[in-house]
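Trainee: The file below is coords07.cif, mmCIF, C-alpha atoms and all ligand atoms; chains and numbers go by the auth columns:
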```
data_coords
loop_
_atom_site.group_PDB
_atom_site.id
_atom_site.type_symbol
_atom_site.label_atom_id
_atom_site.label_comp_id
_atom_site.label_asym_id
_atom_site.label_seq_id
_atom_site.Cartn_x
_atom_site.Cartn_y
_atom_site.Cartn_z
_atom_site.B_iso_or_equiv
_atom_site.auth_seq_id
_atom_site.auth_asym_id
ATOM 1 C CA MET A 1 12.670 117.904 59.195 0.00 86 Q
ATOM 2 C CA ILE A 2 14.455 115.045 57.412 0.00 87 Q
ATOM 3 C CA THR A 3 15.160 111.808 59.312 0.00 88 Q
ATOM 4 C CA LEU A 4 17.189 108.917 57.886 0.00 89 Q
ATOM 5 C CA TRP A 5 17.335 105.476 59.526 0.00 90 Q
ATOM 6 C CA HIS A 6 20.645 103.902 58.609 0.00 91 Q
ATOM 7 C CA CYS A 7 22.962 100.917 59.210 0.00 92 Q
ATOM 8 C CA PHE A 8 26.675 101.553 58.820 0.00 93 Q
ATOM 9 C CA SER A 9 27.678 101.521 55.116 0.00 94 Q
ATOM 10 C CA ALA A 10 24.486 99.729 54.061 0.00 95 Q
ATOM 11 C CA ARG A 11 22.288 100.872 51.173 0.00 96 Q
ATOM 12 C CA SER A 12 21.015 103.797 53.258 0.00 97 Q
ATOM 13 C CA PHE A 13 24.487 105.224 52.598 0.00 98 Q
ATOM 14 C CA ARG A 14 23.083 106.413 49.238 0.00 99 Q
ATOM 15 C CA PRO A 15 20.615 108.923 50.735 0.00 100 Q
ATOM 16 C CA LEU A 16 23.165 109.824 53.423 0.00 101 Q
ATOM 17 C CA TRP A 17 25.720 110.690 50.713 0.00 102 Q
ATOM 18 C CA ALA A 18 23.071 112.718 48.850 0.00 103 Q
ATOM 19 C CA LEU A 19 22.140 114.631 52.020 0.00 104 Q
ATOM 20 C CA GLU A 20 25.788 115.547 52.519 0.00 105 Q
ATOM 21 C CA ALA A 21 26.263 116.452 48.852 0.00 106 Q
ATOM 22 C CA LEU A 22 23.298 118.822 49.100 0.00 107 Q
ATOM 23 C CA GLY A 23 24.318 120.249 52.484 0.00 108 Q
ATOM 24 C CA LEU A 24 20.897 119.560 54.002 0.00 109 Q
ATOM 25 C CA ASP A 25 20.025 119.359 57.704 0.00 110 Q
ATOM 26 C CA TYR A 26 18.913 115.910 58.826 0.00 111 Q
ATOM 27 C CA GLU A 27 18.753 113.565 61.781 0.00 112 Q
ATOM 28 C CA LEU A 28 20.667 110.294 61.366 0.00 113 Q
ATOM 29 C CA LYS A 29 19.295 107.372 63.362 0.00 114 Q
ATOM 30 C CA MET A 30 21.689 104.437 63.438 0.00 115 Q
ATOM 31 C CA LEU A 31 20.621 100.812 63.749 0.00 116 Q
ATOM 32 C CA PRO A 32 22.490 97.542 64.309 0.00 117 Q
ATOM 33 C CA PHE A 33 22.382 95.149 61.331 0.00 118 Q
ATOM 34 C CA PRO A 34 20.015 93.478 60.703 0.00 119 Q
ATOM 35 C CA PRO A 35 17.534 95.732 62.528 0.00 120 Q
ATOM 36 C CA ARG A 36 14.710 93.221 61.890 0.00 121 Q
ATOM 37 C CA VAL A 37 16.485 90.915 64.389 0.00 122 Q
ATOM 38 C CA LEU A 38 18.532 93.254 66.586 0.00 123 Q
ATOM 39 C CA ARG A 39 16.107 96.185 66.947 0.00 124 Q
ATOM 40 C CA ARG A 40 12.594 94.676 66.832 0.00 125 Q
ATOM 41 C CA GLU A 41 10.895 98.004 67.577 0.00 126 Q
ATOM 42 C CA TYR A 42 12.207 99.312 64.226 0.00 127 Q
ATOM 43 C CA LEU A 43 9.456 97.240 62.580 0.00 128 Q
ATOM 44 C CA GLN A 44 7.067 99.958 63.776 0.00 129 Q
ATOM 45 C CA VAL A 45 9.049 102.473 61.706 0.00 130 Q
ATOM 46 C CA ASN A 46 9.399 100.191 58.671 0.00 131 Q
ATOM 47 C CA PRO A 47 7.410 96.927 58.745 0.00 132 Q
ATOM 48 C CA LEU A 48 9.788 95.525 56.071 0.00 133 Q
ATOM 49 C CA GLY A 49 12.592 95.789 58.640 0.00 134 Q
ATOM 50 C CA THR A 50 14.910 97.096 55.932 0.00 135 Q
ATOM 51 C CA ILE A 51 16.917 100.279 55.766 0.00 136 Q
ATOM 52 C CA PRO A 52 16.792 102.959 54.593 0.00 137 Q
ATOM 53 C CA ALA A 53 13.685 104.475 56.082 0.00 138 Q
ATOM 54 C CA PHE A 54 13.474 108.135 55.205 0.00 139 Q
ATOM 55 C CA PHE A 55 11.076 110.815 56.421 0.00 140 Q
ATOM 56 C CA ASP A 56 10.655 114.328 55.110 0.00 141 Q
ATOM 57 C CA GLY A 57 7.746 115.776 57.053 0.00 142 Q
ATOM 58 C CA GLU A 58 4.789 113.510 56.278 0.00 143 Q
ATOM 59 C CA LEU A 59 6.630 111.743 53.443 0.00 144 Q
ATOM 60 C CA ARG A 60 7.979 108.248 54.127 0.00 145 Q
ATOM 61 C CA MET A 61 10.213 106.340 51.656 0.00 146 Q
ATOM 62 C CA THR A 62 12.109 103.025 51.853 0.00 147 Q
ATOM 63 C CA GLU A 63 13.985 102.648 48.530 0.00 148 Q
ATOM 64 C CA SER A 64 17.559 103.979 48.481 0.00 149 Q
ATOM 65 C CA ALA A 65 17.699 104.921 44.792 0.00 150 Q
ATOM 66 C CA ALA A 66 14.262 106.566 44.901 0.00 151 Q
ATOM 67 C CA ILE A 67 15.183 108.620 47.992 0.00 152 Q
ATOM 68 C CA THR A 68 18.419 109.716 46.325 0.00 153 Q
ATOM 69 C CA GLN A 69 16.467 110.729 43.212 0.00 154 Q
ATOM 70 C CA TYR A 70 13.894 112.556 45.363 0.00 155 Q
ATOM 71 C CA LEU A 71 16.569 114.518 47.221 0.00 156 Q
ATOM 72 C CA ALA A 72 18.316 115.459 43.972 0.00 157 Q
ATOM 73 C CA ASP A 73 15.049 116.501 42.286 0.00 158 Q
ATOM 74 C CA ARG A 74 13.788 118.476 45.261 0.00 159 Q
ATOM 75 C CA HIS A 75 17.025 120.068 46.352 0.00 160 Q
ATOM 76 C CA GLY A 76 19.585 119.778 43.571 0.00 161 Q
ATOM 77 C CA PRO A 77 18.232 120.006 40.010 0.00 162 Q
ATOM 78 C CA GLY A 78 21.063 121.025 37.705 0.00 163 Q
ATOM 79 C CA THR A 79 23.594 120.070 40.395 0.00 164 Q
ATOM 80 C CA LEU A 80 23.180 116.639 42.005 0.00 165 Q
ATOM 81 C CA GLY A 81 20.148 115.995 39.814 0.00 166 Q
ATOM 82 C CA VAL A 82 19.855 116.090 36.037 0.00 167 Q
ATOM 83 C CA ALA A 83 16.952 118.201 34.810 0.00 168 Q
ATOM 84 C CA ARG A 84 14.379 116.857 32.342 0.00 169 Q
ATOM 85 C CA ASP A 85 15.525 119.219 29.618 0.00 170 Q
ATOM 86 C CA GLU A 86 19.184 118.134 29.842 0.00 171 Q
ATOM 87 C CA ALA A 87 20.433 115.704 27.184 0.00 172 Q
ATOM 88 C CA ALA A 88 21.665 113.311 29.880 0.00 173 Q
ATOM 89 C CA TYR A 89 18.296 113.017 31.655 0.00 174 Q
ATOM 90 C CA GLY A 90 17.473 109.528 30.348 0.00 175 Q
ATOM 91 C CA ALA A 91 20.972 108.191 30.965 0.00 176 Q
ATOM 92 C CA TYR A 92 20.834 109.688 34.462 0.00 177 Q
ATOM 93 C CA LEU A 93 17.639 107.839 35.373 0.00 178 Q
ATOM 94 C CA ASN A 94 18.921 104.643 33.777 0.00 179 Q
ATOM 95 C CA TRP A 95 22.189 104.546 35.720 0.00 180 Q
ATOM 96 C CA LEU A 96 20.584 105.757 38.930 0.00 181 Q
ATOM 97 C CA HIS A 97 18.267 102.733 38.900 0.00 182 Q
ATOM 98 C CA PHE A 98 20.818 100.355 37.358 0.00 183 Q
ATOM 99 C CA GLY A 99 22.974 100.960 40.443 0.00 184 Q
ATOM 100 C CA GLU A 100 20.397 99.359 42.727 0.00 185 Q
ATOM 101 C CA ALA A 101 18.307 97.030 40.570 0.00 186 Q
ATOM 102 C CA THR A 102 21.104 95.500 38.481 0.00 187 Q
ATOM 103 C CA LEU A 103 24.364 96.080 40.373 0.00 188 Q
ATOM 104 C CA THR A 104 23.372 95.815 44.029 0.00 189 Q
ATOM 105 C CA PHE A 105 20.744 93.103 44.182 0.00 190 Q
ATOM 106 C CA PRO A 106 22.955 90.202 42.958 0.00 191 Q
ATOM 107 C CA GLN A 107 25.613 91.158 45.493 0.00 192 Q
ATOM 108 C CA THR A 108 23.176 90.739 48.351 0.00 193 Q
ATOM 109 C CA LEU A 109 22.773 87.096 47.301 0.00 194 Q
ATOM 110 C CA VAL A 110 26.559 86.667 47.312 0.00 195 Q
ATOM 111 C CA LEU A 111 26.740 88.251 50.763 0.00 196 Q
ATOM 112 C CA ARG A 112 23.944 86.125 52.118 0.00 197 Q
ATOM 113 C CA TYR A 113 24.947 82.740 50.734 0.00 198 Q
ATOM 114 C CA ARG A 114 28.715 83.212 51.170 0.00 199 Q
ATOM 115 C CA ARG A 115 28.892 85.036 54.529 0.00 200 Q
ATOM 116 C CA LEU A 116 25.718 85.811 56.468 0.00 201 Q
ATOM 117 C CA GLU A 117 23.991 82.438 56.615 0.00 202 Q
ATOM 118 C CA PRO A 118 25.260 79.914 59.161 0.00 203 Q
ATOM 119 C CA PRO A 119 27.751 77.515 57.506 0.00 204 Q
ATOM 120 C CA GLU A 120 25.208 74.706 57.058 0.00 205 Q
ATOM 121 C CA ARG A 121 22.876 77.017 55.093 0.00 206 Q
ATOM 122 C CA ARG A 122 25.522 78.545 52.809 0.00 207 Q
ATOM 123 C CA VAL A 123 25.110 77.846 49.088 0.00 208 Q
ATOM 124 C CA THR A 124 28.431 78.133 47.277 0.00 209 Q
ATOM 125 C CA GLN A 125 26.944 77.561 43.833 0.00 210 Q
ATOM 126 C CA ALA A 126 24.390 80.376 44.234 0.00 211 Q
ATOM 127 C CA ALA A 127 27.011 82.768 45.638 0.00 212 Q
ATOM 128 C CA ASP A 128 29.484 82.000 42.841 0.00 213 Q
ATOM 129 C CA ASP A 129 26.812 82.311 40.147 0.00 214 Q
ATOM 130 C CA TYR A 130 25.593 85.686 41.394 0.00 215 Q
ATOM 131 C CA ALA A 131 29.174 86.960 41.767 0.00 216 Q
ATOM 132 C CA LYS A 132 29.684 86.164 38.063 0.00 217 Q
ATOM 133 C CA TRP A 133 26.279 87.649 37.235 0.00 218 Q
ATOM 134 C CA PHE A 134 27.256 90.897 38.990 0.00 219 Q
ATOM 135 C CA LEU A 135 30.634 91.141 37.233 0.00 220 Q
ATOM 136 C CA ALA A 136 28.990 90.505 33.844 0.00 221 Q
ATOM 137 C CA ARG A 137 26.494 93.322 34.493 0.00 222 Q
ATOM 138 C CA VAL A 138 29.309 95.722 35.478 0.00 223 Q
ATOM 139 C CA ARG A 139 30.604 95.450 31.903 0.00 224 Q
ATOM 140 C CA ALA A 140 27.498 97.317 30.654 0.00 225 Q
ATOM 141 C CA VAL A 141 28.362 100.482 32.557 0.00 226 Q
ATOM 142 C CA LEU A 142 32.138 100.562 31.882 0.00 227 Q
ATOM 143 C CA PRO A 143 32.025 102.753 28.730 0.00 228 Q
ATOM 144 C CA ALA A 144 30.059 105.362 30.692 0.00 229 Q
ATOM 145 C CA LEU A 145 32.654 105.450 33.493 0.00 230 Q
ATOM 146 C CA GLU A 146 35.675 106.428 31.395 0.00 231 Q
ATOM 147 C CA ASN A 147 35.279 110.166 32.100 0.00 232 Q
ATOM 148 C CA GLY A 148 34.990 109.816 35.865 0.00 233 Q
ATOM 149 C CA PHE A 149 31.228 110.398 36.108 0.00 234 Q
ATOM 150 C CA VAL A 150 28.549 108.094 34.800 0.00 235 Q
ATOM 151 C CA CYS A 151 26.619 110.822 32.931 0.00 236 Q
ATOM 152 C CA ALA A 152 26.198 114.559 32.363 0.00 237 Q
ATOM 153 C CA GLY A 153 29.950 115.212 32.776 0.00 238 Q
ATOM 154 C CA ARG A 154 29.524 115.967 36.474 0.00 239 Q
ATOM 155 C CA PHE A 155 28.934 114.274 39.818 0.00 240 Q
ATOM 156 C CA THR A 156 25.237 113.360 40.120 0.00 241 Q
ATOM 157 C CA ALA A 157 22.917 111.147 42.125 0.00 242 Q
ATOM 158 C CA ALA A 158 23.531 108.448 39.496 0.00 243 Q
ATOM 159 C CA ASP A 159 27.178 108.341 40.632 0.00 244 Q
ATOM 160 C CA ILE A 160 26.004 107.908 44.217 0.00 245 Q
ATOM 161 C CA SER A 161 23.860 104.959 43.145 0.00 246 Q
ATOM 162 C CA VAL A 162 26.466 103.215 40.963 0.00 247 Q
ATOM 163 C CA GLY A 163 29.281 104.196 43.344 0.00 248 Q
ATOM 164 C CA TYR A 164 27.521 102.570 46.280 0.00 249 Q
ATOM 165 C CA ALA A 165 27.336 99.320 44.305 0.00 250 Q
ATOM 166 C CA PHE A 166 31.147 99.394 44.027 0.00 251 Q
ATOM 167 C CA MET A 167 31.477 100.270 47.712 0.00 252 Q
ATOM 168 C CA LEU A 168 29.401 97.185 48.481 0.00 253 Q
ATOM 169 C CA ALA A 169 31.493 95.089 46.075 0.00 254 Q
ATOM 170 C CA ASN A 170 34.541 95.898 48.192 0.00 255 Q
ATOM 171 C CA GLN A 171 32.672 94.961 51.364 0.00 256 Q
ATOM 172 C CA VAL A 172 31.423 91.707 49.853 0.00 257 Q
ATOM 173 C CA GLY A 173 34.912 90.712 48.649 0.00 258 Q
ATOM 174 C CA LEU A 174 34.329 91.340 44.940 0.00 259 Q
ATOM 175 C CA GLY A 175 36.326 94.564 44.751 0.00 260 Q
ATOM 176 C CA ASP A 176 39.513 92.946 43.433 0.00 261 Q
ATOM 177 C CA ASP A 177 37.548 91.355 40.592 0.00 262 Q
ATOM 178 C CA LEU A 178 36.243 94.691 39.312 0.00 263 Q
ATOM 179 C CA PRO A 179 37.671 95.846 35.968 0.00 264 Q
ATOM 180 C CA ASP A 180 40.295 98.613 36.191 0.00 265 Q
ATOM 181 C CA THR A 181 37.895 101.214 34.765 0.00 266 Q
ATOM 182 C CA ALA A 182 35.459 100.537 37.611 0.00 267 Q
ATOM 183 C CA LYS A 183 38.262 100.600 40.195 0.00 268 Q
ATOM 184 C CA ARG A 184 39.489 103.973 38.873 0.00 269 Q
ATOM 185 C CA TYR A 185 35.951 105.397 38.824 0.00 270 Q
ATOM 186 C CA TRP A 186 35.290 104.283 42.406 0.00 271 Q
ATOM 187 C CA ALA A 187 38.652 105.679 43.589 0.00 272 Q
ATOM 188 C CA GLY A 188 37.731 109.017 41.980 0.00 273 Q
ATOM 189 C CA LEU A 189 34.303 109.122 43.602 0.00 274 Q
ATOM 190 C CA GLN A 190 35.823 108.635 47.027 0.00 275 Q
ATOM 191 C CA GLU A 191 37.668 111.932 46.474 0.00 276 Q
ATOM 192 C CA GLN A 192 34.332 113.765 46.429 0.00 277 Q
ATOM 193 C CA PRO A 193 34.145 115.884 49.620 0.00 278 Q
ATOM 194 C CA SER A 194 30.573 114.675 50.181 0.00 279 Q
ATOM 195 C CA PHE A 195 31.769 111.053 50.359 0.00 280 Q
ATOM 196 C CA GLY A 196 34.156 111.908 53.196 0.00 281 Q
ATOM 197 C CA LYS A 197 31.436 113.905 54.964 0.00 282 Q
ATOM 198 C CA ALA A 198 28.989 111.003 54.734 0.00 283 Q
ATOM 199 C CA MET A 199 31.617 108.604 56.116 0.00 284 Q
ATOM 200 C CA THR A 200 32.325 110.990 58.991 0.00 285 Q
ATOM 201 C CA ALA A 201 28.611 111.512 59.657 0.00 286 Q
ATOM 202 C CA GLN A 202 27.908 107.791 59.994 0.00 287 Q
ATOM 203 C CA THR A 203 30.999 107.218 62.162 0.00 288 Q
ATOM 204 C CA GLN A 204 30.109 110.063 64.529 0.00 289 Q
ATOM 205 C CA ALA A 205 26.452 109.023 64.697 0.00 290 Q
ATOM 206 C CA ALA A 206 27.373 105.380 65.399 0.00 291 Q
ATOM 207 C CA GLU A 207 29.742 106.387 68.192 0.00 292 Q
ATOM 208 C CA ALA A 208 27.233 108.827 69.695 0.00 293 Q
ATOM 209 C CA GLN A 209 24.475 106.182 69.573 0.00 294 Q
ATOM 210 C CA GLY A 210 26.598 103.393 71.068 0.00 295 Q
ATOM 211 C CA LEU A 211 26.939 101.269 67.926 0.00 296 Q
ATOM 212 C CA PRO A 212 30.093 99.970 66.217 0.00 297 Q
ATOM 213 C CA ALA A 213 31.421 102.285 63.494 0.00 298 Q
ATOM 214 C CA ALA A 214 31.744 99.361 61.090 0.00 299 Q
ATOM 215 C CA MET A 215 29.518 97.072 59.057 0.00 300 Q
HETATM 216 N N1 LIG B . 15.818 97.987 47.279 0.00 401 Q
HETATM 217 C C1 LIG B . 15.941 98.449 48.634 0.00 401 Q
HETATM 218 C C2 LIG B . 16.556 97.339 49.465 0.00 401 Q
HETATM 219 C C3 LIG B . 16.582 97.641 50.956 0.00 401 Q
HETATM 220 C C4 LIG B . 17.312 96.523 51.707 0.00 401 Q
HETATM 221 O O1 LIG B . 17.088 95.317 51.469 0.00 401 Q
HETATM 222 N N2 LIG B . 18.216 96.915 52.626 0.00 401 Q
HETATM 223 C C5 LIG B . 19.039 95.956 53.308 0.00 401 Q
HETATM 224 C C6 LIG B . 20.361 96.569 53.742 0.00 401 Q
HETATM 225 S S1 LIG B . 21.491 96.975 52.519 0.00 401 Q
HETATM 226 C C7 LIG B . 18.388 95.543 54.619 0.00 401 Q
HETATM 227 O O2 LIG B . 17.821 96.364 55.298 0.00 401 Q
HETATM 228 N N3 LIG B . 18.509 94.255 54.983 0.00 401 Q
HETATM 229 C C8 LIG B . 18.074 93.788 56.253 0.00 401 Q
HETATM 230 C C9 LIG B . 17.027 92.715 56.149 0.00 401 Q
HETATM 231 O O3 LIG B . 16.666 92.320 55.040 0.00 401 Q
HETATM 232 O O4 LIG B . 16.554 92.313 57.214 0.00 401 Q
HETATM 233 C C10 LIG B . 16.788 99.730 48.656 0.00 401 Q
HETATM 234 O O5 LIG B . 17.510 99.989 47.683 0.00 401 Q
HETATM 235 O O6 LIG B . 16.721 100.498 49.615 0.00 401 Q
#
```
Take the structure I supplied and represent it as structure tokens, if you would.
Ligand SMILES: N[C@@H](CCC(=O)N[C@@H](CS)C(=O)NCC(=O)O)C(=O)O

Mentor:
Amino acid sequence: MITLWHCFSARSFRPLWALEALGLDYELKMLPFPPRVLRREYLQVNPLGTIPAFFDGELRMTESAAITQYLADRHGPGTLGVARDEAAYGAYLNWLHFGEATLTFPQTLVLRYRRLEPPERRVTQAADDYAKWFLARVRAVLPALENGFVCAGRFTAADISVGYAFMLANQVGLGDDLPDTAKRYWAGLQEQPSFGKAMTAQTQAAEAQGLPAAM
């Protein structure tokens, strides 16, 4: 049995999107954000207090890109995953991890120092610098986005990883600053049926579990 602990449209959206793309059965446990503060007992599930937390039988994972890769490898090689003997395998791994390590992390600093901290603790300089840092890093992936998918000529887990970074950019207020190629790519990804299913799944789970269906 697969269980995913999730906050609405947070990084745990990556594994949620992958679960829907693969048509797997899973239990979705919703949390208020940040669970570390608003759901103290969650620390017993994940002492880091972060989401995602993912369980597949005895297996426990807490990194969104790694869980997405795991699901694709286990359940979707040649479809959501890219197999080792495919030419795009290296590019696939690169973009899958680029989505989190290079494109998502700087945005969390923007979010924190522009919005989440109380006004007296906000740091405009840090937020502005990391917004620029993010937009500069986006340039590296633009040539790969021209054909609608980041690699392999089809929708893969790497698109889920990079796509989530653009979803977050819109939530953080950086969406308008994205280059047109990135905007077009992200608009195309949202047409994937699995994206709509993941959005519906988190909305229904939030409503059923008494949480707001919004970030
Ligand atoms: N690199 C990890 C980061 C996990 C992470 O920091 N998640 C954020 C949400 S997007 C979180 O839980 N923040 C709450 C907190 O730090 O208390 C991943 O990709 O899953």

Trainee: Step by step, gather every atom of segment 280-289 of chain Q that the file lists, find the box along x, y and z that holds them, add 6 Å on each side, and finally give centre and edge lengths in Å to one decimal, as AutoDock Vina command-line options.

Mentor:
```
--center_x 31.0 --center_y 110.6 --center_z 57.4 --size_x 18.2 --size_y 18.7 --size_z 26.2
```

Trainee: Counting all atoms listed in the file, which of Q:Ala242, Q:Ala212, Q:Leu181, Q:Leu133 gets nearest to Thr164 of chain Q?

Mentor: Q:Ala242

Trainee: So, counting only C-alpha atoms, which residue among Q:Arg169, Q:Leu107, Q:Pro132, Q:Pro137 is closest to Thr88 of chain Q?

Mentor: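 Smallest separation from Thr88 of chain Q among the options: Q:Pro137.
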
Trainee: Do a neighbour search on segment 275-277 of chain Q at 12 Å with all atoms listed in the file, toss out local chain neighbours closer than 5 positions, and write the hits as a count of residues only.

Mentor: 21

Trainee: Dump the neighbourhood of ligand LIG 401 (chain Q) as a list in words: all residues within 8 Å, distances computed on all atoms listed in the file.

Mentor: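 For ligand LIG 401 (chain Q), the residues inside 8 Å are Cys92, Ala95, Arg96, Ser97, Phe118, Pro119, Pro120, Arg121, Val122, Leu133, Gly134, Thr135, Ile136, Pro137, Thr147, Glu148, Ser149, Ala150, Ala151, Glu185, Ala186, Phe190 and Thr193 of chain Q.
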
Trainee: Excluding Thr209 of chain Q and its own-chain neighbours fewer than 5 positions away, which residues fall within 9 Å of it when counting only C-alpha atoms? Please give them as a list in words.

Mentor: Val195, Tyr198, Arg199 and Asp214 of chain Q

Trainee: N, CA and C atoms are what I want for segment 207-218 of chain Q; can you complete it accordingly and write them as a CSV table (one decimal), in the coordinates of the input?

Mentor:
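Everything below was put into result.csv:
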```
chain,number,residue,atom,x,y,z
Q,207,ARG,N,24.9,77.8,53.9
Q,207,ARG,CA,25.5,78.5,52.8
Q,207,ARG,C,25.4,77.8,51.5
Q,208,VAL,N,25.3,78.5,50.4
Q,208,VAL,CA,25.1,77.8,49.1
Q,208,VAL,C,26.2,78.4,48.1
Q,209,THR,N,27.3,77.7,48.0
Q,209,THR,CA,28.4,78.1,47.3
Q,209,THR,C,28.1,78.4,45.8
Q,210,GLN,N,27.3,77.4,45.3
Q,210,GLN,CA,26.9,77.6,43.8
Q,210,GLN,C,26.2,78.9,43.6
Q,211,ALA,N,25.2,79.2,44.4
Q,211,ALA,CA,24.4,80.4,44.2
Q,211,ALA,C,25.3,81.6,44.4
Q,212,ALA,N,26.1,81.6,45.4
Q,212,ALA,CA,27.0,82.8,45.6
Q,212,ALA,C,28.0,83.0,44.5
Q,213,ASP,N,28.5,81.9,44.0
Q,213,ASP,CA,29.5,82.0,42.8
Q,213,ASP,C,28.8,82.5,41.6
Q,214,ASP,N,27.6,81.9,41.4
Q,214,ASP,CA,26.8,82.3,40.1
Q,214,ASP,C,26.5,83.8,40.2
Q,215,TYR,N,26.0,84.3,41.3
Q,215,TYR,CA,25.6,85.7,41.4
Q,215,TYR,C,26.8,86.6,41.4
Q,216,ALA,N,27.9,86.1,41.9
Q,216,ALA,CA,29.2,87.0,41.8
Q,216,ALA,C,29.5,87.2,40.3
Q,217,LYS,N,29.4,86.1,39.5
Q,217,LYS,CA,29.7,86.2,38.1
Q,217,LYS,C,28.6,87.0,37.4
Q,218,TRP,N,27.4,86.9,37.8
Q,218,TRP,CA,26.3,87.6,37.2
Q,218,TRP,C,26.5,89.1,37.4
```
